[in-house]
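Q: Handing over model38.json, JSON, C-alpha atoms.
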[["chain", "number", "residue", "atom", "x", "y", "z"],
["A", 7, "MET", "CA", 154.39, 61.53, -132.80],
["A", 8, "ARG", "CA", 153.96, 57.94, -133.93],
["A", 9, "LYS", "CA", 153.96, 56.73, -130.30],
["A", 10, "LEU", "CA", 151.42, 59.38, -129.32],
["A", 11, "ALA", "CA", 149.11, 58.41, -132.19],
["A", 12, "ALA", "CA", 149.40, 54.73, -131.28],
["A", 13, "VAL", "CA", 148.50, 55.40, -127.62],
["A", 14, "THR", "CA", 145.50, 57.54, -128.66],
["A", 15, "LEU", "CA", 144.28, 54.83, -131.04],
["A", 16, "CYS", "CA", 144.53, 52.14, -128.30],
["A", 17, "LEU", "CA", 142.58, 54.27, -125.84],
["A", 18, "GLY", "CA", 139.86, 54.87, -128.40],
["A", 19, "LEU", "CA", 139.54, 51.18, -129.18],
["A", 20, "ALA", "CA", 139.35, 50.36, -125.46],
["A", 21, "ALA", "CA", 136.57, 52.90, -124.93],
["A", 22, "CYS", "CA", 134.61, 51.55, -127.89],
["A", 23, "SER", "CA", 134.98, 47.96, -126.70],
["A", 24, "GLN", "CA", 132.98, 48.73, -123.52],
["A", 25, "LYS", "CA", 129.32, 48.06, -124.31],
["A", 26, "PRO", "CA", 126.76, 50.38, -122.76],
["A", 27, "GLU", "CA", 124.58, 48.82, -120.09],
["A", 28, "SER", "CA", 121.24, 47.83, -121.57],
["A", 29, "SER", "CA", 117.93, 48.98, -120.15],
["A", 30, "GLU", "CA", 117.08, 45.39, -119.21],
["A", 31, "GLN", "CA", 120.27, 45.09, -117.17],
["A", 32, "ARG", "CA", 119.54, 48.38, -115.41],
["A", 33, "SER", "CA", 115.99, 47.26, -114.62],
["A", 34, "GLU", "CA", 117.25, 43.96, -113.24],
["A", 35, "ALA", "CA", 119.75, 45.78, -111.04],
["A", 36, "VAL", "CA", 117.07, 48.09, -109.69],
["A", 37, "ILE", "CA", 114.76, 45.16, -108.92],
["A", 38, "THR", "CA", 117.54, 43.23, -107.20],
["A", 39, "ALA", "CA", 118.48, 46.23, -105.08],
["A", 40, "ASP", "CA", 114.87, 46.70, -104.07],
["A", 41, "VAL", "CA", 114.43, 43.08, -103.06],
["A", 42, "THR", "CA", 117.68, 42.59, -101.18],
["A", 43, "SER", "CA", 117.94, 45.96, -99.49],
["A", 44, "PRO", "CA", 119.21, 45.26, -95.96],
["A", 45, "SER", "CA", 117.88, 48.52, -94.57],
["A", 46, "GLU", "CA", 114.25, 47.37, -94.70],
["A", 47, "PRO", "CA", 112.51, 44.36, -93.09],
["A", 48, "SER", "CA", 112.10, 41.43, -95.42],
["A", 49, "ALA", "CA", 108.56, 40.67, -96.56],
["A", 50, "PRO", "CA", 107.65, 37.47, -98.38],
["A", 51, "GLY", "CA", 106.52, 38.18, -101.91],
["A", 52, "ILE", "CA", 106.55, 36.97, -105.49],
["A", 53, "ALA", "CA", 107.48, 39.17, -108.44],
["A", 54, "LEU", "CA", 104.74, 39.53, -111.05],
["A", 55, "THR", "CA", 107.14, 38.60, -113.83],
["A", 56, "ALA", "CA", 107.94, 35.31, -112.08],
["A", 57, "ALA", "CA", 104.33, 34.08, -112.20],
["A", 58, "PRO", "CA", 102.36, 35.74, -115.00],
["A", 59, "GLY", "CA", 98.66, 35.01, -115.02],
["A", 60, "VAL", "CA", 98.57, 34.01, -111.33],
["A", 61, "ALA", "CA", 96.27, 35.82, -108.91],
["A", 62, "PHE", "CA", 97.86, 36.05, -105.47],
["A", 63, "ALA", "CA", 96.45, 36.52, -101.98],
["A", 64, "TYR", "CA", 98.67, 37.59, -99.06],
["A", 65, "ARG", "CA", 98.03, 36.97, -95.37],
["A", 66, "TYR", "CA", 100.28, 38.34, -92.61],
["A", 67, "ALA", "CA", 99.85, 37.65, -88.89],
["A", 68, "PHE", "CA", 101.34, 40.06, -86.34],
["A", 69, "ARG", "CA", 101.85, 39.79, -82.60],
["A", 70, "MET", "CA", 102.31, 42.90, -80.52],
["A", 71, "PRO", "CA", 101.31, 44.50, -77.20],
["A", 72, "ALA", "CA", 97.53, 44.73, -76.90],
["A", 73, "ALA", "CA", 97.61, 48.47, -76.25],
["A", 74, "LYS", "CA", 99.27, 49.10, -79.63],
["A", 75, "ILE", "CA", 97.08, 46.95, -81.88],
["A", 76, "ALA", "CA", 94.50, 49.67, -82.54],
["A", 77, "GLN", "CA", 97.29, 52.13, -83.36],
["A", 78, "ALA", "CA", 98.93, 49.73, -85.83],
["A", 79, "GLN", "CA", 95.59, 48.91, -87.43],
["A", 80, "GLU", "CA", 94.81, 52.59, -87.90],
["A", 81, "ALA", "CA", 98.28, 53.25, -89.36],
["A", 82, "HIS", "CA", 97.83, 50.48, -91.93],
["A", 83, "ALA", "CA", 94.38, 51.78, -92.85],
["A", 84, "GLN", "CA", 95.78, 55.28, -93.37],
["A", 85, "ALA", "CA", 98.58, 53.89, -95.54],
["A", 86, "CYS", "CA", 95.97, 52.32, -97.80],
["A", 87, "GLU", "CA", 93.92, 55.50, -97.94],
["A", 88, "LYS", "CA", 96.98, 57.50, -99.02],
["A", 89, "LEU", "CA", 97.37, 55.26, -102.08],
["A", 90, "GLY", "CA", 93.88, 56.18, -103.26],
["A", 91, "PRO", "CA", 90.88, 53.96, -104.06],
["A", 92, "ALA", "CA", 92.23, 53.10, -107.52],
["A", 93, "ARG", "CA", 95.26, 51.35, -106.01],
["A", 94, "CYS", "CA", 94.10, 50.28, -102.54],
["A", 95, "ARG", "CA", 90.70, 49.68, -100.98],
["A", 96, "ILE", "CA", 89.81, 48.48, -97.49],
["A", 97, "THR", "CA", 87.34, 45.61, -97.76],
["A", 98, "GLY", "CA", 87.03, 44.53, -94.13],
["A", 99, "MET", "CA", 87.97, 45.46, -90.57],
["A", 100, "ARG", "CA", 87.50, 43.85, -87.16],
["A", 101, "TYR", "CA", 88.61, 44.76, -83.63],
["A", 102, "ARG", "CA", 87.62, 42.43, -80.79],
["A", 103, "LEU", "CA", 88.42, 42.81, -77.09],
["A", 104, "LEU", "CA", 88.34, 39.29, -75.64],
["A", 105, "GLY", "CA", 89.57, 40.16, -72.17],
["A", 106, "GLU", "CA", 92.12, 42.18, -70.26],
["A", 107, "ASN", "CA", 95.22, 42.51, -72.48],
["A", 108, "ASN", "CA", 93.70, 40.13, -75.03],
["A", 109, "VAL", "CA", 92.81, 41.68, -78.38],
["A", 110, "GLU", "CA", 92.18, 40.21, -81.81],
["A", 111, "ALA", "CA", 91.90, 42.38, -84.93],
["A", 112, "MET", "CA", 91.85, 42.06, -88.70],
["A", 113, "LEU", "CA", 92.22, 44.37, -91.70],
["A", 114, "ALA", "CA", 91.60, 43.32, -95.32],
["A", 115, "PHE", "CA", 92.61, 45.13, -98.52],
["A", 116, "LYS", "CA", 92.40, 44.95, -102.30],
["A", 117, "LEU", "CA", 95.70, 46.23, -103.70],
["A", 118, "ASP", "CA", 97.28, 46.98, -107.02],
["A", 119, "PRO", "CA", 99.35, 43.80, -107.66],
["A", 120, "GLY", "CA", 102.49, 45.85, -108.28],
["A", 121, "LEU", "CA", 102.24, 47.43, -104.81],
["A", 122, "ALA", "CA", 101.48, 44.32, -102.76],
["A", 123, "ARG", "CA", 105.01, 43.37, -101.77],
["A", 124, "GLY", "CA", 106.08, 46.89, -100.89],
["A", 125, "PHE", "CA", 102.90, 47.49, -98.90],
["A", 126, "GLY", "CA", 103.52, 44.34, -96.87],
["A", 127, "ARG", "CA", 107.14, 45.32, -96.28],
["A", 128, "ASP", "CA", 106.12, 48.75, -94.97],
["A", 129, "ALA", "CA", 103.46, 47.17, -92.74],
["A", 130, "ILE", "CA", 106.01, 44.84, -91.18],
["A", 131, "ALA", "CA", 108.35, 47.77, -90.59],
["A", 132, "SER", "CA", 105.64, 49.76, -88.78],
["A", 133, "VAL", "CA", 104.77, 46.79, -86.56],
["A", 134, "THR", "CA", 108.41, 46.13, -85.73],
["A", 135, "ALA", "CA", 108.84, 49.78, -84.76],
["A", 136, "GLU", "CA", 106.05, 49.30, -82.18],
["A", 137, "SER", "CA", 107.76, 46.32, -80.48],
["A", 138, "GLY", "CA", 105.75, 43.83, -82.52],
["A", 139, "LYS", "CA", 106.78, 41.04, -84.84],
["A", 140, "LEU", "CA", 105.63, 39.04, -87.84],
["A", 141, "VAL", "CA", 104.66, 35.54, -86.68],
["A", 142, "ASP", "CA", 103.11, 34.08, -89.84],
["A", 143, "ALA", "CA", 103.05, 34.82, -93.56],
["A", 144, "GLU", "CA", 101.14, 32.98, -96.27],
["A", 145, "ILE", "CA", 100.93, 33.59, -100.02],
["A", 146, "SER", "CA", 98.42, 31.60, -102.05],
["A", 147, "GLY", "CA", 97.94, 31.77, -105.80],
["A", 148, "THR", "CA", 95.34, 30.80, -108.39],
["A", 149, "ASP", "CA", 96.22, 30.26, -112.05],
["A", 150, "ALA", "CA", 93.69, 32.75, -113.36],
["A", 151, "GLY", "CA", 95.40, 32.98, -116.75],
["A", 152, "ALA", "CA", 94.78, 29.30, -117.50],
["A", 153, "ALA", "CA", 91.21, 29.61, -116.27],
["A", 154, "ILE", "CA", 90.59, 32.59, -118.57],
["A", 155, "LYS", "CA", 91.90, 30.66, -121.59],
["A", 156, "GLN", "CA", 89.63, 27.73, -120.79],
["A", 157, "LEU", "CA", 86.64, 30.04, -120.36],
["A", 158, "GLU", "CA", 87.39, 31.69, -123.68],
["A", 159, "THR", "CA", 87.44, 28.26, -125.35],
["A", 160, "ASP", "CA", 84.14, 27.37, -123.70],
["A", 161, "ALA", "CA", 82.62, 30.69, -124.78],
["A", 162, "ALA", "CA", 83.65, 30.11, -128.41],
["A", 163, "ARG", "CA", 82.13, 26.63, -128.38],
["A", 164, "LEU", "CA", 78.91, 27.97, -126.87],
["A", 165, "ASP", "CA", 78.68, 30.67, -129.54],
["A", 166, "GLU", "CA", 78.90, 28.03, -132.27],
["A", 167, "GLN", "CA", 76.19, 25.96, -130.63],
["A", 168, "ARG", "CA", 73.94, 29.00, -130.26],
["A", 169, "LYS", "CA", 74.41, 29.91, -133.93],
["A", 170, "ARG", "CA", 73.54, 26.39, -135.07],
["A", 171, "ASN", "CA", 70.52, 26.28, -132.80],
["A", 172, "ALA", "CA", 69.35, 29.71, -133.99],
["A", 173, "ALA", "CA", 69.67, 28.55, -137.61],
["A", 174, "LEU", "CA", 67.44, 25.56, -136.83],
["A", 175, "LEU", "CA", 64.88, 27.84, -135.20],
["A", 176, "ASP", "CA", 64.72, 29.95, -138.37],
["A", 177, "ASN", "CA", 63.33, 26.98, -140.30],
["A", 178, "PRO", "CA", 59.65, 27.78, -140.96],
["A", 179, "LYS", "CA", 58.80, 24.10, -141.37],
["A", 180, "LEU", "CA", 59.52, 23.18, -137.76],
["A", 181, "LYS", "CA", 56.78, 21.49, -135.79],
["A", 182, "ALA", "CA", 55.53, 23.04, -132.59],
["A", 183, "ASP", "CA", 57.15, 20.49, -130.29],
["A", 184, "GLN", "CA", 60.48, 20.76, -132.13],
["A", 185, "ARG", "CA", 60.40, 24.55, -131.95],
["A", 186, "SER", "CA", 59.62, 24.40, -128.24],
["A", 187, "GLU", "CA", 62.50, 22.01, -127.61],
["A", 188, "LEU", "CA", 64.93, 24.16, -129.62],
["A", 189, "SER", "CA", 63.76, 27.32, -127.84],
["A", 190, "THR", "CA", 64.37, 25.69, -124.46],
["A", 191, "ARG", "CA", 67.80, 24.60, -125.61],
["A", 192, "GLN", "CA", 68.59, 28.12, -126.82],
["A", 193, "ALA", "CA", 67.63, 29.59, -123.45],
["A", 194, "GLU", "CA", 69.91, 27.12, -121.68],
["A", 195, "LEU", "CA", 72.78, 27.99, -123.99],
["A", 196, "ASP", "CA", 72.20, 31.70, -123.36],
["A", 197, "GLN", "CA", 72.32, 31.17, -119.60],
["A", 198, "THR", "CA", 75.49, 29.11, -119.82],
["A", 199, "ALA", "CA", 77.13, 31.75, -122.03],
["A", 200, "ALA", "CA", 76.21, 34.50, -119.54],
["A", 201, "ALA", "CA", 77.64, 32.47, -116.65],
["A", 202, "THR", "CA", 80.85, 31.91, -118.65],
["A", 203, "ARG", "CA", 81.20, 35.64, -119.25],
["A", 204, "ASP", "CA", 80.69, 36.35, -115.55],
["A", 205, "SER", "CA", 83.33, 33.77, -114.59],
["A", 206, "LYS", "CA", 85.80, 35.26, -117.04],
["A", 207, "ALA", "CA", 85.17, 38.75, -115.66],
["A", 208, "ALA", "CA", 85.76, 37.46, -112.11],
["A", 209, "GLN", "CA", 89.06, 35.86, -113.13],
["A", 210, "GLN", "CA", 90.17, 39.04, -114.86],
["A", 211, "GLU", "CA", 89.33, 41.05, -111.74],
["A", 212, "SER", "CA", 91.38, 38.64, -109.61],
["A", 213, "LEU", "CA", 94.39, 39.46, -111.79],
["A", 214, "ALA", "CA", 93.73, 43.19, -111.50],
["A", 215, "VAL", "CA", 93.84, 43.22, -107.68],
["A", 216, "THR", "CA", 95.75, 41.40, -104.96],
["A", 217, "LEU", "CA", 93.95, 40.41, -101.79],
["A", 218, "MET", "CA", 95.83, 41.10, -98.56],
["A", 219, "VAL", "CA", 94.77, 40.39, -94.97],
["A", 220, "PHE", "CA", 96.46, 41.49, -91.75],
["A", 221, "ASP", "CA", 95.70, 39.53, -88.57],
["A", 222, "TYR", "CA", 96.67, 41.13, -85.26],
["A", 223, "GLY", "CA", 97.06, 39.26, -81.97],
["A", 224, "ALA", "CA", 98.08, 40.39, -78.51],
["A", 225, "GLY", "CA", 101.42, 39.14, -77.25],
["A", 226, "PRO", "CA", 104.39, 40.20, -75.11],
["A", 227, "ALA", "CA", 106.78, 42.81, -76.40],
["A", 228, "VAL", "CA", 110.11, 41.68, -77.74],
["A", 229, "ARG", "CA", 112.44, 41.15, -74.75],
["A", 230, "GLY", "CA", 115.70, 41.32, -76.64],
["A", 231, "PHE", "CA", 116.31, 37.55, -76.59],
["A", 232, "ASP", "CA", 115.57, 34.79, -79.02],
["A", 233, "PRO", "CA", 112.09, 33.53, -78.03],
["A", 234, "SER", "CA", 113.24, 29.97, -78.72],
["A", 235, "ALA", "CA", 116.07, 30.19, -76.17],
["A", 236, "PRO", "CA", 115.55, 28.03, -73.05],
["A", 237, "LEU", "CA", 116.27, 30.91, -70.65],
["A", 238, "THR", "CA", 113.65, 33.17, -72.24],
["A", 239, "SER", "CA", 111.10, 30.35, -72.43],
["A", 240, "ALA", "CA", 111.60, 29.53, -68.76],
["A", 241, "ALA", "CA", 111.31, 33.20, -67.78],
["A", 242, "ASN", "CA", 108.11, 33.56, -69.79],
["A", 243, "THR", "CA", 106.66, 30.44, -68.16],
["A", 244, "ALA", "CA", 107.54, 31.72, -64.68],
["A", 245, "ILE", "CA", 106.00, 35.12, -65.33],
["A", 246, "GLY", "CA", 102.87, 33.55, -66.79],
["A", 247, "SER", "CA", 102.53, 31.22, -63.80],
["A", 248, "ALA", "CA", 102.96, 34.10, -61.34],
["A", 249, "GLN", "CA", 100.37, 36.18, -63.18],
["A", 250, "PHE", "CA", 97.91, 33.29, -63.16],
["A", 251, "THR", "CA", 98.44, 32.63, -59.45],
["A", 252, "LEU", "CA", 98.00, 36.29, -58.56],
["A", 253, "ALA", "CA", 94.88, 36.55, -60.71],
["A", 254, "LEU", "CA", 93.47, 33.42, -59.03],
["A", 255, "LEU", "CA", 94.12, 34.81, -55.54],
["A", 256, "LEU", "CA", 92.60, 38.19, -56.38],
["A", 257, "GLY", "CA", 89.60, 36.52, -57.97],
["A", 258, "GLY", "CA", 89.06, 34.31, -54.90],
["A", 259, "LEU", "CA", 89.40, 37.31, -52.62],
["A", 260, "ALA", "CA", 86.86, 39.28, -54.68],
["A", 261, "LEU", "CA", 84.45, 36.32, -54.72],
["A", 262, "PHE", "CA", 84.67, 35.12, -51.13],
["A", 263, "GLY", "CA", 85.85, 38.31, -49.37],
["A", 264, "PRO", "CA", 82.47, 39.97, -48.72],
["A", 265, "PRO", "CA", 80.73, 36.76, -47.53],
["A", 266, "GLY", "CA", 83.72, 35.94, -45.32],
["A", 267, "LEU", "CA", 83.65, 39.42, -43.79],
["A", 268, "VAL", "CA", 79.95, 39.02, -43.00],
["A", 269, "ALA", "CA", 80.62, 35.62, -41.45],
["A", 270, "ILE", "CA", 83.35, 37.04, -39.23],
["A", 271, "VAL", "CA", 81.04, 39.81, -38.01],
["A", 272, "VAL", "CA", 78.30, 37.27, -37.22],
["A", 273, "VAL", "CA", 80.70, 35.08, -35.25],
["A", 274, "LEU", "CA", 81.97, 38.06, -33.24],
["A", 275, "LEU", "CA", 78.43, 39.15, -32.39],
["A", 276, "TRP", "CA", 77.46, 35.65, -31.42],
["A", 277, "ARG", "CA", 80.47, 35.28, -29.10],
["A", 278, "ARG", "CA", 79.63, 38.62, -27.53],
["A", 279, "TRP", "CA", 75.96, 37.97, -26.76],
["A", 280, "ARG", "CA", 75.74, 34.22, -26.32],
["A", 281, "PRO", "CA", 77.39, 33.95, -22.79],
["A", 282, "ARG", "CA", 75.18, 36.72, -21.36],
["A", 283, "LYS", "CA", 72.01, 34.90, -22.31],
["A", 284, "ILE", "CA", 73.23, 31.70, -20.64],
["A", 285, "ALA", "CA", 74.15, 33.55, -17.43],
["A", 286, "THR", "CA", 70.73, 35.20, -17.27],
["A", 287, "ALA", "CA", 68.98, 31.84, -17.59],
["A", 288, "SER", "CA", 71.01, 30.23, -14.71],
["A", 289, "ASP", "CA", 70.05, 33.04, -12.32]]
Can you turn what I pasted into structure tokens?

A:
Amino acid sequence: MRKLAAVTLCLGLAACSQKPESSEQRSEAVITADVTSPSEPSAPGIALTAAPGVAFAYRYAFRMPAAKIAQAQEAHAQACEKLGPARCRITGMRYRLLGENNVEAMLAFKLDPGLARGFGRDAIASVTAESGKLVDAEISGTDAGAAIKQLETDAARLDEQRKRNAALLDNPKLKADQRSELSTRQAELDQTAAATRDSKAAQQESLAVTLMVFDYGAGPAVRGFDPSAPLTSAANTAIGSAQFTLALLLGGLALFGPPGLVAIVVVLLWRRWRPRKIATASD
């Protein structure tokens, strides 16, 4: 019985010595799993907690077959629409056909900052599924938090100046020229204060949304080799040269074919009728 009680007491102490996992540790584990998940394509991004007060703008450039650019652009637009206007809005779109198999397109969004990285990751996945690839990614940031603090300081200083100027204007003994000068000064202070409020509102809006731009360009489908490999580069150069040569020959044939055909017909007619006229003249 004593041995049984001792074993039970040891097990109880061991169970109590294990601390429960805190909510912060669970959150960190979830975030880490989301960022390093190998099942999804990696998308450059910065966690909001890593840079508080910074307004970010994302720009991704994709290269894919020209025939699939419109499809990818439409898929990305639909993905934004599914999130709803409160979390994603399309602010610009362009599709330009520059020539045969040469397309340039663009799609711009305003996103909820918490959704920016995931939205970019899903966009890369959809492009990769259509034999495309991410060729450029850029993330730029503006320290909006510091700008807001500075604007708040400026606004407080302007309010003090306006109050002092208004107190001077309330003096009934002011001369006309003094009152005019103070009134002009008050109007200037009011305009500056309004501009400061507008700037602060713009900075706050930049923190509330994340700008994201997708650029699409036409390019060859992924061949299954590293594009930087010498063999693939040489094959691409050879194919491009052959295409250019064939296009040049077809273009020359289209340009000079009809005139050449007419010239051949004229020469044949001339050779047919010219000797007869000479024979007739000698008789």

Q: Any idea what the distance is between CA of Val272 in chain A and CA of Ala253 in chain A?

A: 28.8 Å

Q: Find the distance between CA of Asn177 in chain A and CA of Leu195 in chain A and write it in Å to one decimal.

A: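 Computed distance, CA of Asn177 in chain A to CA of Leu195 in chain A, equals 18.9 Å.
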
Q: Find, counting all atoms listed in the file, the residue in A:Arg278, A:Lys74, A:Arg93, A:Arg65 that gets nearest to Gly225 in chain A.

A: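 Closest to Gly225 in chain A, using all atoms listed in the file: A:Lys74.
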
Q: So, counting only C-alpha atoms, which residue among A:Met112, A:Ala61, A:Val271, A:Ala260 is closest to Ala152 in chain A?

A: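 Closest to Ala152 in chain A, using only C-alpha atoms: A:Ala61.
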
Q: Set the distance at 9 Å and use all atoms listed in the file: which residues neighbour range 85-88 of chain A once local chain neighbours fewer than 4 positions away are removed? I'd like the list as a list in words.

A: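 Selected residues are Glu80, Ala81, Arg93, Cys94, Arg95, Ile96, Phe115, Leu117, Phe125 and Ala129 of chain A.
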
Q: Please dump the current selection as a PDB file, keeping the file's coordinate frame; keep C-alpha atoms.

A:
ATOM      1  CA  GLU A  80      94.810  52.590 -87.900  1.00  0.00           C
ATOM      2  CA  ALA A  81      98.280  53.250 -89.360  1.00  0.00           C
ATOM      3  CA  ARG A  93      95.260  51.350-106.010  1.00  0.00           C
ATOM      4  CA  CYS A  94      94.100  50.280-102.540  1.00  0.00           C
ATOM      5  CA  ARG A  95      90.700  49.680-100.980  1.00  0.00           C
ATOM      6  CA  ILE A  96      89.810  48.480 -97.490  1.00  0.00           C
ATOM      7  CA  PHE A 115      92.610  45.130 -98.520  1.00  0.00           C
ATOM      8  CA  LEU A 117      95.700  46.230-103.700  1.00  0.00           C
ATOM      9  CA  PHE A 125     102.900  47.490 -98.900  1.00  0.00           C
ATOM     10  CA  ALA A 129     103.460  47.170 -92.740  1.00  0.00           C
TER      11      ALA A 129
END

Q: Looking at all atoms listed in the file, which of A:Glu187, A:Asp204, A:Glu106, A:Glu194 is the one that sits closest to Leu164 in chain A?

A: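 So, comparing all the options, the nearest one is A:Glu194.
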
Q: Between A:Ile130, A:Ala248, A:Ser186, A:Ala200, which is the closest to Asp142 in chain A once you count only C-alpha atoms?

A: A:Ile130

Q: Report, in Å with one decimal, the straight-line distance from CA of Gly124 in chain A to CA of Pro71 in chain A.

A: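 Straight-line distance from CA of Gly124 in chain A to CA of Pro71 in chain A works out to 24.3 Å.
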
Q: Which one of A:Asp128, A:Val141, A:Leu255, A:Asp221 sits closest to Ala76 in chain A if you count all atoms listed in the file?

A: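 When distances to Ala76 in chain A are compared using all atoms listed in the file, the smallest one comes from A:Asp221.
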
Q: With 3 Å on each side, where is the centre of the axis-aligned box around all listed atoms of range 77-96 of chain A, and how long are its edges in Å to one decimal, as AutoDock Vina command-line options?

A:
--center_x 94.4 --center_y 53.0 --center_z -95.4 --size_x 15.1 --size_y 15.0 --size_z 30.2

Q: Counting only C-alpha atoms, which residue out of A:Val268, A:Ala162, A:Ala172, A:Ala214 sits closest to Ala193 in chain A?

A: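 Of A:Val268, A:Ala162, A:Ala172, A:Ala214, the one nearest Ala193 in chain A is A:Ala172, counting only C-alpha atoms.
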